[in-house]
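The structure appears right after this line, and notes come after that.
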Amino acid sequence: MKKQAIGLLDSGVGGLTVMKEAMKQLPNESFYYIGDTARCPYGPRPKEQVKEFTWDLTKFLLEKNIKMLIIACNTATAAALPELKKVLDIPVIGVILPGSRAAIKTTQMNRIGIIGTEGTILSGEYKKAITKKQANTSVFSQACPKFVPLIESNQFSSAIAKKVVTESLQGLRKQKVDTLVMGCTHYPLLRPLIQNVMGDTVTLIDSGAETVNEVSVLLDYYDMAEEKSEQPNERKFYTTGSVNMFKEIASDWLELNELEVEQVSIARLKGIIDNERT
Ligand code: I24
Ligand code: DGL
């Protein structure tokens, strides 16, 4: 019998940081990943629009009969998770709660910093999630809109990158946080630089990696985990943008060369074209 896949959605290629962790921790699982590279970034977009785009991606994955949905994108989680959870009849997991739980577990001084896109920080969802669980914790949030463009121009350790990261994190350094949540799919790529600027006493939390830990627990809880078997697992990638550019970044990042990547047009996502094969 064919394995039922886990769906993973993101605004683009950033969610591949979550995918990499998922492939490492859950090697027997099948995955369908969709990245909305044509409409990326989501970070600066209004909440209603991010919600609409996230629904487009979700509907596409639901057609593929997934058993669980992971919203790898922080901005999409902040905008759409409650609604998706309400409507879907499969488990839906976002990145904000797992990142928040890990931060609560880690902090000793009860001073937590959050960094993310404008959309994620404006939503206040991380702060709400943390203070709901631990009211005596101070949460300091900082949007870092320059980080995504930095990474997308391959700047991880240049002088410009150091300057941007130092300036963006100035306020959080002053607040003496002891734990910092990287609340954006891209930020783990800047991890060494962020660690360097914040200092060794600050623990960095990778929300995406924490999410995969929780997915692993949930698969067992729902008795949905795949065991090692003769049946090979599938890993399929869908992008709303260029297949070649997606392939280039994904094969480099995942260290795999034979990736199955297919283009899905926005029109198809919207259901305007209904005679295409599914
Ligand atoms: N990293 C990301 N997005 C990009 C990029 C990158 N270009 C170089 N690197 N571009 O995200 C986004 C726009 N593209 C996407 C594909 O379709 C066309 C438009 C972070 C990726 C996280 C896995 C730097 C880079 C790379 C390879 C691997 C990792 C990485 F080239 F950060
Ligand atoms: N995936 C987004 C996030 O985690 C970052 C990129 C974007 O702005 O779309 O918030």
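Chain labels run A, B, ... following the order of the structure tokens; each chain numbers its residues from 1, and ligands are numbered from 1 in the order shown.
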For this session: Throw together the list of residues within 9 Å of ligand 1, counting only C-alpha atoms and all ligand atoms, and drop it here as a ChimeraX atom specification.
Result: /A:12-20,35-38,40-41,148-156,185-190,239-254
Export of the given selection (N, CA and C atoms) as a tab-separated table (two decimals), in the first residue's frame:
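Contents of result21.tsv, as written:
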```
chain	number	residue	atom	x	y	z
A	12	GLY	N	8.01	29.87	0.01
A	12	GLY	CA	9.01	29.72	-1.06
A	12	GLY	C	9.96	28.58	-0.79
A	13	VAL	N	11.26	28.88	-0.79
A	13	VAL	CA	12.26	27.83	-0.55
A	13	VAL	C	12.75	27.77	0.90
A	14	GLY	N	12.42	28.80	1.69
A	14	GLY	CA	12.89	28.86	3.07
A	14	GLY	C	12.47	27.65	3.89
A	15	GLY	N	11.28	27.15	3.61
A	15	GLY	CA	10.74	25.99	4.34
A	15	GLY	C	11.57	24.73	4.14
A	16	LEU	N	12.51	24.80	3.21
A	16	LEU	CA	13.41	23.65	3.03
A	16	LEU	C	14.29	23.44	4.26
A	17	THR	N	14.45	24.48	5.09
A	17	THR	CA	15.18	24.28	6.35
A	17	THR	C	14.40	23.31	7.23
A	18	VAL	N	13.07	23.41	7.18
A	18	VAL	CA	12.21	22.52	7.96
A	18	VAL	C	12.20	21.13	7.31
A	19	MET	N	12.14	21.13	5.98
A	19	MET	CA	12.14	19.88	5.22
A	19	MET	C	13.40	19.06	5.49
A	20	LYS	N	14.54	19.75	5.56
A	20	LYS	CA	15.81	19.04	5.79
A	20	LYS	C	15.78	18.32	7.14
A	35	GLY	N	6.08	25.22	-2.29
A	35	GLY	CA	6.64	26.54	-2.01
A	35	GLY	C	6.09	27.54	-3.00
A	36	ASP	N	5.53	28.62	-2.46
A	36	ASP	CA	4.88	29.63	-3.32
A	36	ASP	C	5.90	30.66	-3.79
A	37	THR	N	6.95	30.21	-4.48
A	37	THR	CA	8.05	31.10	-4.88
A	37	THR	C	7.59	32.27	-5.76
A	38	ALA	N	6.50	32.07	-6.52
A	38	ALA	CA	6.02	33.15	-7.40
A	38	ALA	C	5.47	34.34	-6.60
A	40	CYS	N	6.37	34.87	-3.23
A	40	CYS	CA	7.26	35.09	-2.09
A	40	CYS	C	7.89	36.48	-2.22
A	41	PRO	N	8.12	37.24	-1.18
A	41	PRO	CA	7.94	36.92	0.23
A	41	PRO	C	6.53	37.21	0.77
A	148	VAL	N	15.92	38.35	5.25
A	148	VAL	CA	15.58	37.48	4.12
A	148	VAL	C	16.31	37.92	2.84
A	149	PRO	N	16.24	39.23	2.48
A	149	PRO	CA	16.99	39.65	1.29
A	149	PRO	C	18.50	39.38	1.39
A	150	LEU	N	19.03	39.47	2.58
A	150	LEU	CA	20.46	39.21	2.80
A	150	LEU	C	20.79	37.75	2.42
A	151	ILE	N	19.99	36.84	2.94
A	151	ILE	CA	20.22	35.41	2.69
A	151	ILE	C	20.01	35.09	1.20
A	152	GLU	N	18.96	35.71	0.64
A	152	GLU	CA	18.65	35.44	-0.76
A	152	GLU	C	19.68	36.03	-1.71
A	153	SER	N	20.57	36.88	-1.20
A	153	SER	CA	21.67	37.35	-2.04
A	153	SER	C	22.98	36.69	-1.59
A	154	ASN	N	22.85	35.53	-0.95
A	154	ASN	CA	24.01	34.71	-0.56
A	154	ASN	C	24.97	35.39	0.40
A	155	GLN	N	24.45	36.27	1.22
A	155	GLN	CA	25.34	36.95	2.17
A	155	GLN	C	25.13	36.37	3.55
A	156	PHE	N	26.08	35.57	3.98
A	156	PHE	CA	25.98	34.91	5.28
A	156	PHE	C	27.03	35.38	6.26
A	185	THR	N	11.79	31.01	8.62
A	185	THR	CA	12.42	29.84	7.99
A	185	THR	C	13.87	30.08	7.57
A	186	HIS	N	14.17	31.32	7.15
A	186	HIS	CA	15.50	31.62	6.60
A	186	HIS	C	16.59	31.78	7.67
A	187	TYR	N	16.18	32.18	8.88
A	187	TYR	CA	17.20	32.64	9.83
A	187	TYR	C	18.23	31.60	10.26
A	188	PRO	N	17.90	30.30	10.28
A	188	PRO	CA	18.95	29.33	10.64
A	188	PRO	C	20.20	29.46	9.76
A	189	LEU	N	20.04	30.00	8.56
A	189	LEU	CA	21.21	30.19	7.70
A	189	LEU	C	22.13	31.30	8.22
A	190	LEU	N	21.56	32.19	9.04
A	190	LEU	CA	22.38	33.27	9.63
A	190	LEU	C	22.81	32.93	11.05
A	239	THR	N	6.40	23.94	-6.94
A	239	THR	CA	6.69	25.37	-6.81
A	239	THR	C	5.78	26.15	-7.74
A	240	THR	N	5.39	27.34	-7.32
A	240	THR	CA	4.58	28.19	-8.20
A	240	THR	C	5.49	28.98	-9.13
A	241	GLY	N	6.80	28.92	-8.89
A	241	GLY	CA	7.76	29.68	-9.71
A	241	GLY	C	8.56	28.78	-10.63
A	242	SER	N	9.81	29.17	-10.85
A	242	SER	CA	10.68	28.43	-11.77
A	242	SER	C	11.16	27.11	-11.18
A	243	VAL	N	10.94	26.03	-11.94
A	243	VAL	CA	11.37	24.69	-11.50
A	243	VAL	C	12.90	24.63	-11.40
A	244	ASN	N	13.57	25.21	-12.38
A	244	ASN	CA	15.03	25.13	-12.38
A	244	ASN	C	15.66	25.85	-11.19
A	245	MET	N	15.13	27.03	-10.87
A	245	MET	CA	15.69	27.77	-9.74
A	245	MET	C	15.39	27.05	-8.42
A	246	PHE	N	14.18	26.50	-8.33
A	246	PHE	CA	13.83	25.75	-7.12
A	246	PHE	C	14.77	24.55	-6.97
A	247	LYS	N	14.95	23.83	-8.08
A	247	LYS	CA	15.80	22.63	-8.08
A	247	LYS	C	17.22	22.97	-7.63
A	248	GLU	N	17.72	24.08	-8.15
A	248	GLU	CA	19.09	24.47	-7.84
A	248	GLU	C	19.28	24.68	-6.34
A	249	ILE	N	18.38	25.46	-5.76
A	249	ILE	CA	18.51	25.75	-4.32
A	249	ILE	C	18.23	24.50	-3.49
A	250	ALA	N	17.18	23.77	-3.85
A	250	ALA	CA	16.79	22.60	-3.04
A	250	ALA	C	17.84	21.50	-3.11
A	251	SER	N	18.39	21.25	-4.29
A	251	SER	CA	19.36	20.15	-4.36
A	251	SER	C	20.64	20.54	-3.63
A	252	ASP	N	20.98	21.82	-3.69
A	252	ASP	CA	22.15	22.29	-2.95
A	252	ASP	C	21.93	22.15	-1.45
A	253	TRP	N	20.80	22.62	-1.00
A	253	TRP	CA	20.53	22.65	0.44
A	253	TRP	C	20.28	21.25	1.02
A	254	LEU	N	19.53	20.44	0.29
A	254	LEU	CA	19.20	19.10	0.80
A	254	LEU	C	20.29	18.07	0.45
```
Exercise. Can you list, as an MDAnalysis selection string, every residue of stretch 46-196 of chain A that DSSP puts in alpha helix (DSSP H)?
Worked result: chainID A and resid 47:63 74:87 96:106 118:123 125:133 147:152 159:174 191:196
Just want the 12 Å neighbourhood of A:Ile112, counted on only C-alpha atoms, with same-chain residues fewer than 3 positions away dropped. Output as a CSV table (one decimal) with N, CA, C and O atoms, in the first residue's frame.
```csv
chain,number,residue,atom,x,y,z
A,99,GLY,N,8.1,26.5,18.7
A,99,GLY,CA,9.2,27.4,19.0
A,99,GLY,C,9.0,28.1,20.3
A,99,GLY,O,10.0,28.3,21.1
A,100,SER,N,7.8,28.4,20.6
A,100,SER,CA,7.5,29.0,21.9
A,100,SER,C,7.7,28.1,23.1
A,100,SER,O,8.3,28.5,24.1
A,101,ARG,N,7.3,26.8,22.9
A,101,ARG,CA,7.5,25.8,24.0
A,101,ARG,C,9.0,25.6,24.3
A,101,ARG,O,9.4,25.6,25.4
A,102,ALA,N,9.8,25.6,23.2
A,102,ALA,CA,11.2,25.3,23.4
A,102,ALA,C,11.8,26.5,24.1
A,102,ALA,O,12.7,26.4,24.9
A,103,ALA,N,11.3,27.8,23.8
A,103,ALA,CA,11.9,29.0,24.4
A,103,ALA,C,11.6,29.0,25.9
A,103,ALA,O,12.4,29.3,26.7
A,104,ILE,N,10.3,28.6,26.2
A,104,ILE,CA,9.9,28.5,27.7
A,104,ILE,C,10.8,27.5,28.4
A,104,ILE,O,11.3,27.8,29.5
A,105,LYS,N,11.1,26.4,27.8
A,105,LYS,CA,11.9,25.4,28.4
A,105,LYS,C,13.3,25.9,28.6
A,105,LYS,O,13.9,25.6,29.6
A,106,THR,N,13.8,26.7,27.7
A,106,THR,CA,15.2,27.1,27.7
A,106,THR,C,15.5,28.2,28.6
A,106,THR,O,16.5,28.3,29.3
A,107,THR,N,14.6,29.2,28.7
A,107,THR,CA,14.9,30.5,29.4
A,107,THR,C,15.1,30.3,30.9
A,107,THR,O,14.4,29.5,31.5
A,108,GLN,N,16.1,30.9,31.4
A,108,GLN,CA,16.3,30.8,32.9
A,108,GLN,C,16.0,32.2,33.5
A,108,GLN,O,15.6,32.2,34.7
A,109,MET,N,16.2,33.3,32.8
A,109,MET,CA,15.9,34.6,33.3
A,109,MET,C,14.4,35.0,33.0
A,109,MET,O,14.1,36.2,33.3
A,115,ILE,N,12.6,37.0,16.8
A,115,ILE,CA,12.9,37.7,15.6
A,115,ILE,C,12.1,37.0,14.4
A,115,ILE,O,11.9,35.8,14.5
A,126,TYR,N,3.7,35.0,18.6
A,126,TYR,CA,4.7,34.3,19.5
A,126,TYR,C,4.6,34.8,21.0
A,126,TYR,O,4.6,34.1,21.9
A,127,LYS,N,4.5,36.2,21.1
A,127,LYS,CA,4.3,36.8,22.4
A,127,LYS,C,3.1,36.2,23.1
A,127,LYS,O,3.1,35.8,24.3
A,130,ILE,N,3.6,32.6,24.2
A,130,ILE,CA,4.5,32.4,25.4
A,130,ILE,C,3.8,32.9,26.6
A,130,ILE,O,3.8,32.2,27.7
A,131,THR,N,3.3,34.1,26.6
A,131,THR,CA,2.7,34.7,27.8
A,131,THR,C,1.5,33.9,28.3
A,131,THR,O,1.1,33.9,29.5
A,134,GLN,N,3.2,31.2,30.2
A,134,GLN,CA,4.0,31.6,31.3
A,134,GLN,C,3.9,33.1,31.4
A,134,GLN,O,4.7,33.9,30.8
A,136,ASN,N,4.7,35.3,33.6
A,136,ASN,CA,5.8,36.1,34.2
A,136,ASN,C,7.0,36.2,33.3
A,136,ASN,O,8.1,36.6,33.7
A,137,THR,N,6.8,35.9,32.0
A,137,THR,CA,7.9,36.0,31.1
A,137,THR,C,7.9,37.3,30.3
A,137,THR,O,6.8,37.6,29.8
A,138,SER,N,9.0,37.9,30.1
A,138,SER,CA,9.1,39.1,29.3
A,138,SER,C,9.5,38.7,27.9
A,138,SER,O,10.5,38.0,27.7
A,139,VAL,N,8.6,39.1,26.9
A,139,VAL,CA,8.9,38.8,25.5
A,139,VAL,C,9.2,40.1,24.7
A,139,VAL,O,8.4,41.0,24.8
A,140,PHE,N,10.4,40.1,24.1
A,140,PHE,CA,10.8,41.2,23.3
A,140,PHE,C,10.8,40.8,21.8
A,140,PHE,O,11.5,39.9,21.5
A,141,SER,N,10.1,41.5,21.0
A,141,SER,CA,10.0,41.1,19.6
A,141,SER,C,10.6,42.2,18.7
A,141,SER,O,10.5,43.4,18.9
A,142,GLN,N,11.3,41.7,17.6
A,142,GLN,CA,11.9,42.5,16.7
A,142,GLN,C,11.8,42.0,15.3
A,142,GLN,O,12.2,40.9,15.0
A,172,LEU,N,17.5,44.0,21.1
A,172,LEU,CA,17.4,42.8,21.9
A,172,LEU,C,18.6,42.5,22.8
A,172,LEU,O,18.5,42.0,23.8
A,173,ARG,N,19.7,43.0,22.3
A,173,ARG,CA,20.9,42.9,23.2
A,173,ARG,C,20.8,43.7,24.4
A,173,ARG,O,21.1,43.3,25.5
A,175,GLN,N,18.1,44.4,25.9
A,175,GLN,CA,17.0,43.8,26.7
A,175,GLN,C,17.5,42.6,27.5
A,175,GLN,O,16.8,42.1,28.3
A,176,LYS,N,18.7,42.2,27.3
A,176,LYS,CA,19.3,41.1,28.0
A,176,LYS,C,18.5,39.8,28.0
A,176,LYS,O,18.3,39.2,29.0
A,177,VAL,N,18.0,39.5,26.8
A,177,VAL,CA,17.3,38.2,26.6
A,177,VAL,C,18.4,37.1,26.8
A,177,VAL,O,19.5,37.3,26.4
A,178,ASP,N,17.9,36.0,27.3
A,178,ASP,CA,18.9,34.8,27.4
A,178,ASP,C,18.5,33.7,26.4
A,178,ASP,O,19.2,32.7,26.2
A,179,THR,N,17.4,33.9,25.7
A,179,THR,CA,16.9,33.0,24.7
A,179,THR,C,16.3,33.8,23.5
A,179,THR,O,15.6,34.8,23.7
A,180,LEU,N,16.7,33.4,22.3
A,180,LEU,CA,16.2,34.1,21.1
A,180,LEU,C,15.6,33.1,20.1
A,180,LEU,O,16.3,32.2,19.7
A,181,VAL,N,14.3,33.3,19.8
A,181,VAL,CA,13.7,32.4,18.8
A,181,VAL,C,13.9,33.0,17.4
A,181,VAL,O,13.5,34.1,17.1
A,182,MET,N,14.4,32.1,16.6
A,182,MET,CA,14.5,32.4,15.1
A,182,MET,C,13.2,32.1,14.5
A,182,MET,O,13.0,31.0,14.1
A,202,VAL,N,23.5,33.5,25.1
A,202,VAL,CA,22.1,33.5,24.5
A,202,VAL,C,21.9,32.2,23.7
A,202,VAL,O,22.7,31.8,22.9
A,203,THR,N,20.8,31.5,24.1
A,203,THR,CA,20.5,30.2,23.4
A,203,THR,C,19.5,30.5,22.2
A,203,THR,O,18.5,31.2,22.4
A,204,LEU,N,19.9,30.1,21.0
A,204,LEU,CA,19.1,30.3,19.8
A,204,LEU,C,18.1,29.1,19.7
A,204,LEU,O,18.5,28.0,19.8
A,205,ILE,N,16.9,29.4,19.4
A,205,ILE,CA,15.9,28.4,19.1
A,205,ILE,C,15.5,28.4,17.7
A,205,ILE,O,15.1,29.4,17.1
```
Seminar exercise, completed: Here atom CA of A:Lys67 and atom CA of A:Thr211 stand apart by 16.3 Å
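For the atom pair formed by atom CA of A:Glu29 and atom CA of A:Ile66, the distance is 11.4 Å, given to one decimal.
Picture a line from atom CA of A:Gly208 to atom CA of A:Arg268; it runs 28.3 Å.
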For this session: Compare A:Met68, A:Leu88, A:Leu122, A:Ala22 by their minimum atom-to-atom distance to ligand 2, counting only C-alpha atoms and all ligand atoms, and give me the closest one.
Result: A:Leu122
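Each of A:Arg39, A:Lys228, A:Lys132, A:Arg191 was compared to ligand 2 using only C-alpha atoms and all ligand atoms, and A:Arg39 turns out to be the nearest.
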For this session: Find the residue from A:Asn233, A:Gln263, A:Gln195, A:Thr120 that sits nearest to A:Phe31; use only C-alpha atoms when measuring.
Result: A:Asn233
For this session: Kindly indicate which residue among A:Cys184, A:Ala225, A:Val164, A:Glu230 lies nearest to A:Ile114, using only C-alpha atoms for the distances.
Result: A:Cys184
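Minimum distance to ligand 2 across A:Tyr33, A:Trp55, A:Phe60, A:Phe147 (counting only C-alpha atoms and all ligand atoms) occurs at A:Phe147.
Distances here use only C-alpha atoms; by that measure, the residue among A:Leu84, A:Ile194, A:Ala72, A:Val264 closest to A:Phe237 is A:Val264.
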Problem set entry | Spatial neighbours of stretch 217-220 of chain A, max dist 12 Å, only C-alpha atoms, sep filter under 4 positions, as a list in words | Gln4, Ala5, Ile6, Gln25, Leu26, Asn28, Glu29, Lys67, Met68, Leu69, Ile70, Ile90, Pro91, Val92, Ile93, Pro98, Glu210, Thr211, Val212, Asn213, Met224, Ala225, Glu226 and Glu227 of chain A
Exercise. Contacts of A:Thr166 at 10 Å or less, counting only C-alpha atoms, minus same-chain residues fewer than 4 places along, as a list in words?
Worked result: Ile160, Ala161, Lys162, Gln170, Gly171, Arg173, Leu193, Ile194, Asn196, Val197 and Met198 of chain A
Grab the residues selected above and save them as a short mmCIF file (atom, residue, chain, number, x, y, z; two decimals), in the first residue's frame with N, CA and C atoms.
```cif
data_model
loop_
_atom_site.label_atom_id
_atom_site.label_comp_id
_atom_site.auth_asym_id
_atom_site.auth_seq_id
_atom_site.Cartn_x
_atom_site.Cartn_y
_atom_site.Cartn_z
N ILE A 160 28.75 43.39 5.11
CA ILE A 160 27.39 43.95 5.08
C ILE A 160 26.46 43.12 5.96
N ALA A 161 26.57 41.81 5.85
CA ALA A 161 25.72 40.92 6.66
C ALA A 161 25.97 41.17 8.15
N LYS A 162 27.23 41.29 8.51
CA LYS A 162 27.57 41.54 9.93
C LYS A 162 26.96 42.85 10.42
N GLN A 170 20.44 45.07 17.90
CA GLN A 170 20.87 46.03 18.93
C GLN A 170 19.90 46.09 20.12
N GLY A 171 18.63 46.28 19.80
CA GLY A 171 17.60 46.43 20.84
C GLY A 171 17.48 45.20 21.71
N ARG A 173 19.73 43.00 22.32
CA ARG A 173 20.94 42.86 23.15
C ARG A 173 20.77 43.70 24.41
N LEU A 193 26.18 34.01 12.60
CA LEU A 193 26.28 35.46 12.73
C LEU A 193 25.39 35.98 13.87
N ILE A 194 24.18 35.45 13.95
CA ILE A 194 23.26 35.87 15.02
C ILE A 194 23.85 35.49 16.38
N ASN A 196 26.95 35.08 17.12
CA ASN A 196 28.11 35.93 17.36
C ASN A 196 27.71 37.30 17.89
N VAL A 197 26.66 37.86 17.32
CA VAL A 197 26.20 39.19 17.73
C VAL A 197 25.54 39.14 19.11
N MET A 198 24.76 38.09 19.37
CA MET A 198 24.05 38.00 20.66
C MET A 198 24.97 37.56 21.80
#
```
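Secondary structure of stretch 145-253 of chain A, strand (DSSP E or B) only (DSSP, backbone atoms): Thr179, Leu180, Val181, Met182, Gly183, Thr203, Leu204, Ile205, Asp206, Arg235, Lys236, Phe237, Tyr238 and Thr239 of chain A.
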Once you have the residues from the selection above, write them out as a short mmCIF file (atom, residue, chain, number, x, y, z; two decimals), in the first residue's frame, restricted to all heavy atoms.
```
data_model
loop_
_atom_site.label_atom_id
_atom_site.label_comp_id
_atom_site.auth_asym_id
_atom_site.auth_seq_id
_atom_site.Cartn_x
_atom_site.Cartn_y
_atom_site.Cartn_z
N THR A 179 17.36 33.94 25.67
CA THR A 179 16.87 32.98 24.68
C THR A 179 16.33 33.78 23.50
O THR A 179 15.61 34.75 23.70
CB THR A 179 15.73 32.13 25.31
OG1 THR A 179 16.26 31.50 26.48
CG2 THR A 179 15.22 31.08 24.35
N LEU A 180 16.68 33.36 22.30
CA LEU A 180 16.21 34.09 21.12
C LEU A 180 15.61 33.10 20.12
O LEU A 180 16.28 32.16 19.68
CB LEU A 180 17.37 34.86 20.47
CG LEU A 180 17.02 35.65 19.19
CD1 LEU A 180 16.02 36.76 19.49
CD2 LEU A 180 18.28 36.23 18.56
N VAL A 181 14.34 33.31 19.79
CA VAL A 181 13.66 32.44 18.84
C VAL A 181 13.88 32.95 17.42
O VAL A 181 13.55 34.10 17.11
CB VAL A 181 12.14 32.37 19.13
CG1 VAL A 181 11.44 31.45 18.13
CG2 VAL A 181 11.88 31.90 20.56
N MET A 182 14.42 32.10 16.56
CA MET A 182 14.54 32.44 15.14
C MET A 182 13.20 32.09 14.50
O MET A 182 12.97 30.95 14.09
CB MET A 182 15.69 31.66 14.50
CG MET A 182 17.05 32.02 15.12
SD MET A 182 18.42 31.18 14.29
CE MET A 182 18.22 29.52 14.90
N GLY A 183 12.30 33.09 14.47
CA GLY A 183 10.93 32.86 14.03
C GLY A 183 10.73 33.11 12.56
O GLY A 183 9.77 33.77 12.14
N THR A 203 20.80 31.46 24.08
CA THR A 203 20.49 30.22 23.37
C THR A 203 19.55 30.53 22.21
O THR A 203 18.51 31.17 22.40
CB THR A 203 19.81 29.21 24.32
OG1 THR A 203 20.65 29.02 25.45
CG2 THR A 203 19.57 27.88 23.64
N LEU A 204 19.92 30.08 21.03
CA LEU A 204 19.07 30.30 19.85
C LEU A 204 18.13 29.11 19.66
O LEU A 204 18.54 27.96 19.79
CB LEU A 204 19.93 30.47 18.59
CG LEU A 204 20.93 31.62 18.58
CD1 LEU A 204 21.61 31.72 17.22
CD2 LEU A 204 20.24 32.95 18.92
N ILE A 205 16.88 29.43 19.38
CA ILE A 205 15.88 28.39 19.13
C ILE A 205 15.51 28.39 17.65
O ILE A 205 15.14 29.42 17.09
CB ILE A 205 14.59 28.66 19.96
CG1 ILE A 205 14.89 28.80 21.45
CG2 ILE A 205 13.52 27.60 19.68
CD1 ILE A 205 15.26 27.53 22.17
N ASP A 206 15.59 27.22 17.04
CA ASP A 206 15.20 27.04 15.64
C ASP A 206 13.77 26.48 15.64
O ASP A 206 13.55 25.30 15.91
CB ASP A 206 16.19 26.07 14.99
CG ASP A 206 15.87 25.77 13.53
OD1 ASP A 206 14.73 26.00 13.09
OD2 ASP A 206 16.78 25.29 12.83
N ARG A 235 9.24 11.82 -2.10
CA ARG A 235 9.49 13.23 -1.74
C ARG A 235 9.25 14.03 -3.00
O ARG A 235 10.03 13.97 -3.94
CB ARG A 235 10.93 13.41 -1.28
CG ARG A 235 11.11 13.02 0.16
CD ARG A 235 12.44 12.43 0.38
NE ARG A 235 12.53 11.82 1.69
CZ ARG A 235 13.64 11.32 2.18
NH1 ARG A 235 14.75 11.36 1.47
NH2 ARG A 235 13.64 10.77 3.37
N LYS A 236 8.14 14.75 -2.99
CA LYS A 236 7.80 15.53 -4.18
C LYS A 236 7.75 17.00 -3.83
O LYS A 236 7.25 17.37 -2.77
CB LYS A 236 6.43 15.08 -4.72
CG LYS A 236 6.50 13.79 -5.48
CD LYS A 236 5.21 13.63 -6.27
CE LYS A 236 5.18 12.29 -6.97
NZ LYS A 236 3.81 11.90 -7.31
N PHE A 237 8.25 17.79 -4.74
CA PHE A 237 8.32 19.23 -4.52
C PHE A 237 7.51 19.95 -5.59
O PHE A 237 7.60 19.61 -6.76
CB PHE A 237 9.78 19.71 -4.57
CG PHE A 237 10.64 19.08 -3.51
CD1 PHE A 237 11.22 17.83 -3.69
CD2 PHE A 237 10.86 19.73 -2.30
CE1 PHE A 237 12.00 17.24 -2.71
CE2 PHE A 237 11.64 19.16 -1.31
CZ PHE A 237 12.22 17.90 -1.51
N TYR A 238 6.74 20.92 -5.15
CA TYR A 238 5.95 21.73 -6.08
C TYR A 238 6.30 23.18 -5.84
O TYR A 238 6.47 23.61 -4.70
CB TYR A 238 4.45 21.51 -5.84
CG TYR A 238 4.03 20.07 -6.01
CD1 TYR A 238 4.04 19.20 -4.93
CD2 TYR A 238 3.65 19.58 -7.26
CE1 TYR A 238 3.67 17.87 -5.08
CE2 TYR A 238 3.28 18.26 -7.43
CZ TYR A 238 3.29 17.40 -6.33
OH TYR A 238 2.95 16.08 -6.48
N THR A 239 6.40 23.94 -6.94
CA THR A 239 6.69 25.37 -6.81
C THR A 239 5.78 26.15 -7.74
O THR A 239 5.44 25.66 -8.83
CB THR A 239 8.18 25.67 -7.14
OG1 THR A 239 8.37 27.09 -7.16
CG2 THR A 239 8.61 25.11 -8.49
#
```
